[in-house]
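Visitor: First the structure, which I've put down as structure tokens, then a few questions once you've had a look.
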Amino acid sequence: MDIATLIGFLGAIGMIIGAMISAGGLGPFIDVPSILIVFGGAFFAVMYTAPMGVFLGSFGAMAKAFMPKAPKMDLLIETMVELSNIARKDGMMALEGKDVPDKFLGKGLQMLIDGADEQKMAKAMNMEIDAMKARHAGNQGVIKAWVDIAPAMGMIGTLIGLVQMLGNMADPKAIGPAMAVALLTTLYGAFIANVLFGPMNTKLEGYTADEVVYREMVIEGLRGIAKGESGRNVQDNMVAILPPKAQAKLLEAA
Amino acid sequence: MDIATLIGFLGAIGMIIGAMISAGGLGPFIDVPSILIVFGGAFFAVMYTAPMGVFLGSFGAMAKAFMPKAPKMDLLIETMVELSNIARKDGMMALEGKDVPDKFLGKGLQMLIDGADEQKMAKAMNMEIDAMKARHAGNQGVIKAWVDIAPAMGMIGTLIGLVQMLGNMADPKAIGPAMAVALLTTLYGAFIANVLFGPMNTKLEGYTADEVVYREMVIEGLRGIAKGESGRNVQDNMVAILPPKAQAKLLEAA
Amino acid sequence: MDIATLIGFLGAIGMIIGAMISAGGLGPFIDVPSILIVFGGAFFAVMYTAPMGVFLGSFGAMAKAFMPKAPKMDLLIETMVELSNIARKDGMMALEGKDVPDKFLGKGLQMLIDGADEQKMAKAMNMEIDAMKARHAGNQGVIKAWVDIAPAMGMIGTLIGLVQMLGNMADPKAIGPAMAVALLTTLYGAFIANVLFGPMNTKLEGYTADEVVYREMVIEGLRGIAKGESGRNVQDNMVAILPPKAQAKLLEAA
Amino acid sequence: MDIATLIGFLGAIGMIIGAMISAGGLGPFIDVPSILIVFGGAFFAVMYTAPMGVFLGSFGAMAKAFMPKAPKMDLLIETMVELSNIARKDGMMALEGKDVPDKFLGKGLQMLIDGADEQKMAKAMNMEIDAMKARHAGNQGVIKAWVDIAPAMGMIGTLIGLVQMLGNMADPKAIGPAMAVALLTTLYGAFIANVLFGPMNTKLEGYTADEVVYREMVIEGLRGIAKGESGRNVQDNMVAILPPKAQAKLLEAA
Amino acid sequence: MDIATLIGFLGAIGMIIGAMISAGGLGPFIDVPSILIVFGGAFFAVMYTAPMGVFLGSFGAMAKAFMPKAPKMDLLIETMVELSNIARKDGMMALEGKDVPDKFLGKGLQMLIDGADEQKMAKAMNMEIDAMKARHAGNQGVIKAWVDIAPAMGMIGTLIGLVQMLGNMADPKAIGPAMAVALLTTLYGAFIANVLFGPMNTKLEGYTADEVVYREMVIEGLRGIAKGESGRNVQDNMVAILPPKAQAKLLEAA
């Protein structure tokens, strides 16, 4: 559970709902046809931007903004040191069947056990990182499409409302409320783009960058194991990839 | 048939038409001179941005958003494994006249049969990929021009309508309807840019990226055949280019 | 004569003039002071962005959007094959005084005749391509400046009109027409940016890219001549740079 | 204390407050619900964009815009010359325990004392610079998020105000003040983006660039020490990284 | 004196002042508090974006848009040919004390006289070019800050004016003039961004590019002198960096 996402998300929505209530209640801010054109229209137009699989997959990516699988650097380093010591003493084969904290590491380890050399393992693992980046970029592309398209749908909705209103100005008293409803779609569009999906996109890009650092550390560690380096050296090489504070914390713990 | 394009496209248009109908019918939203200036004006201004051949070719590219020629990875890998096994047993010449699932593969294969080495074949095939990217970029450039120019035409139409209306304010009752008509061009421009062509452009860029991955797999496979590798090795090298899920699916099937 | 530029340009202007006429005649859309501030103001502000020579040179570049010097690929390849056959039979000196279809090729050929080797010729010719790109970028920079500055001048003109109008609201009947005139400058600015110069800029960038491909083919051909390759080989290398369709057309003709 | 930040910041705010006072006092420009939605809404939405640690860390980065730790080039060069002379005369071990003006230099020096060669030291130190850039980019990303999100929150607030106002137009006298309040959130959003955080972001990016130059000078100096160069040479290599004016000033002082 | 800057600058301002006068005199367009908030506010906010030294230095850079130190290519080439002939006949030492047209060339020449080899001289001189680019980018960054911040200050001023006006609508006759004043700040912001500083920034970027070409020619020439090439060769190498027209002009003159 990422506490900043949750507090930030609920807090921002709370502020906006609070402003609506203090402006006289939520009632005037809810209009079903307006919701349909902005949420529904954007939903379909976003679907149009991507293959069906990527579109459906993006909903899982959205959940990750709230429930990220945080990479555990310290557990990783601990495991790596242990594995490298085993490999040094008893050879690669002794690593067979060892428990590892994530699939990515497991795959690379299996390659080494199966006899791949450092070069081949690193190339395959780096290709996997590239594939992950491409996959995440696809999902984040759908989220970016929401950010781009929702305000446009809001504007289209407002224009539809204005055209309808301007064609029926017989009753001056109806003008105000009609215009209020017309503006609602612009409000929804701004809300979807700037509160729901804009920050989520930034957050997910950050997670992807963190995951890439984690995986590069895995590869660095596996390289050390392949070269038969000592546990101490493997740890040093992996730690060097981390930012200073994380380095200090890990070294203290060591 | 790409189901996401079709549902997305029809759904988004449906939402907008639904909003118009619920606002009192389609009638007030249709104005022939407004349609002429936005669709017609953008049509000609977009034509002005590109050579005639590229402009005309872009309509074919648009159709591809709905009817993509989906690259079939599994058929490709199957074919490649078969071809590499034949080449290994009976030599390159035995590949002459074999059925292949697409022209691009056919061209590379012919080069190998005609005696080209791995280097020369790969260089020529990569140049073809570059040419494809340039060709697609040209077509997508025309679609991007629609996205840029249509809202501008909408704004020009609205300004023309406003100037005309402001010069004739003798009858106050005519102001509302005149302004409604003036706003229609802005509405059309937003519709063209954000519903018709914006998502289409994103989709086509995605297809181009997929096609590039497919063609890179073809080259990887042909390299293997040229080097006389076993069918198993050729399959491994080609699979490694795919994202994890597609890898898993192919390996299960194998 | 580039037919797409001409039809596109006249068609877009025709659509806009048609919309004005159908809105009640061109009269209300012409206002000399408004024309002066937008066209004149943008003219001077654009001049301010560039050295005088580049500013004046940009008008010639604009003409090229309508009258491009289309590169003739087939004539080029034919010439190159002929030249390479002569060079192979009778030596470089025999190329002296041969007719060539453009100056760029002529310069490279003269270098080879004067004894330059492949390396030196290619370096000098590539520097010439870079210089051409820089020169075109300078001219296109001026056209881009029109696209950026004209709408700003339109907005400044509208603000001037609004300030003047708002200060003199004694006669309510004058408000409408005054505001109509104020909006004209915004209309002019949008017209200059989106109809006159925006598409022209895209078109010229396309031409520059085509010219670069042509010149790269010239260099590829001259490299072949310098290396004493056969006419057939020279043709193959040059054709490989072209997109598939153009390749097919040339090969059929051969 | 960075005098330009302080004068600029206070001056810009002073100009705006002055304009408010000259428009009739600060009273009409302060509205607590409006402040809550813009400042509060942006606060939470910005928190949503980043992990909690980065979000909290960004406030420290903001303070640095006012209280930068200015890199002291002259002190650095003086120290480096001294250290290189000691290392040359008495060997690396003699550098143990020497006072150094900053931690970064201290770390590199310790590596050399501990026996690392030039290559290894430079690689580790460059990785530290990259980590610093990534850390600063994270903090500045939060500041950029304020610049992006605050105007959007201002617009959302204004739309909420307008919808509420348009639904209650019974009393024409209330329209003006209600609209005034609605516009306040747009004003706050523009203020946060363009006065508070926009310039701060530019400033911090400049500081990061300066810090990178400083650290590259440290590495250049340590390389010289590792290679056993004379103090004079070390100084020359470090000075060459500086801009001309700073070079002249340092050489005069020398 | 750069004639295009002067004519463009005065012409654009003249067009705008002319439009104001033809709209009824300059009077309604001048409002001291509005000038204070836009010019003053932007002045301080821009100061906030940069270190004090860079901010103050940017005013000198602005003067250069009007009074550029035009690089004299022909004088440079003439000097270089002369110097290379002397160096070839009498050795590097004979170059001591020769008059050179600019400091940059002087510095490189002194390095050669002091015994630096081609490599070392070129590295140091290229670092100086990089430093110049960074310095110019700093100054141009300040000018870009004006372009970004001035319209924002104009918008803030207009919002302040609107809020004040909307809160005091008792006298309907005062509304028009109050709104006219409110719009003035937007007008000032657009003027500062699009007439004063926008074109200036483009111009200065162009000058920097020209200066870089000039300095690369100096380095090319000095390389030739270091390698003991003939004056003729030095000239050829330097000329090749120029665009075709300038080449032709120089070769004719030769």
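Chains: A, B, ... in order of the structure tokens. Residues: from 1 per chain. Ligands: from 1, in order shown.
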Could you list, as an MDAnalysis selection string, the residues of chain E having an atom within 8 Å of chain D when counting only C-alpha atoms?
Guide: chainID E and resid 33:34 36:37 40:52 124 127:128 131:132 135 149 152:153 155:157 159:164 166:169
Visitor: DSSP on the backbone: which residues in range 65-140 of chain B end up as helix (DSSP H, G or I)? Give the answer as a PyMOL selection string.
Guide: chain B and resi 65-66+73-90+92-95+103-113+118-140
Visitor: Env of range 98-101 of chain D: 8 Å cut, atoms = only C-alpha atoms, seq-sep filter 4 positions within chain, self excluded. Answer as a ChimeraX atom specification.
Guide: /D:75-76,79,105-106
Visitor: Between CA of Glu118 in chain A and CA of Leu222 in chain A, what is the distance, to one decimal in Å?
Guide: 7.9 Å
Visitor: Grab the CA of Tyr214 in chain A to CA of Leu109 in chain A distance for me, in Å with one decimal place.
Guide: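 Computing the Euclidean distance for CA of Tyr214 in chain A and CA of Leu109 in chain A yields 15.6 Å.
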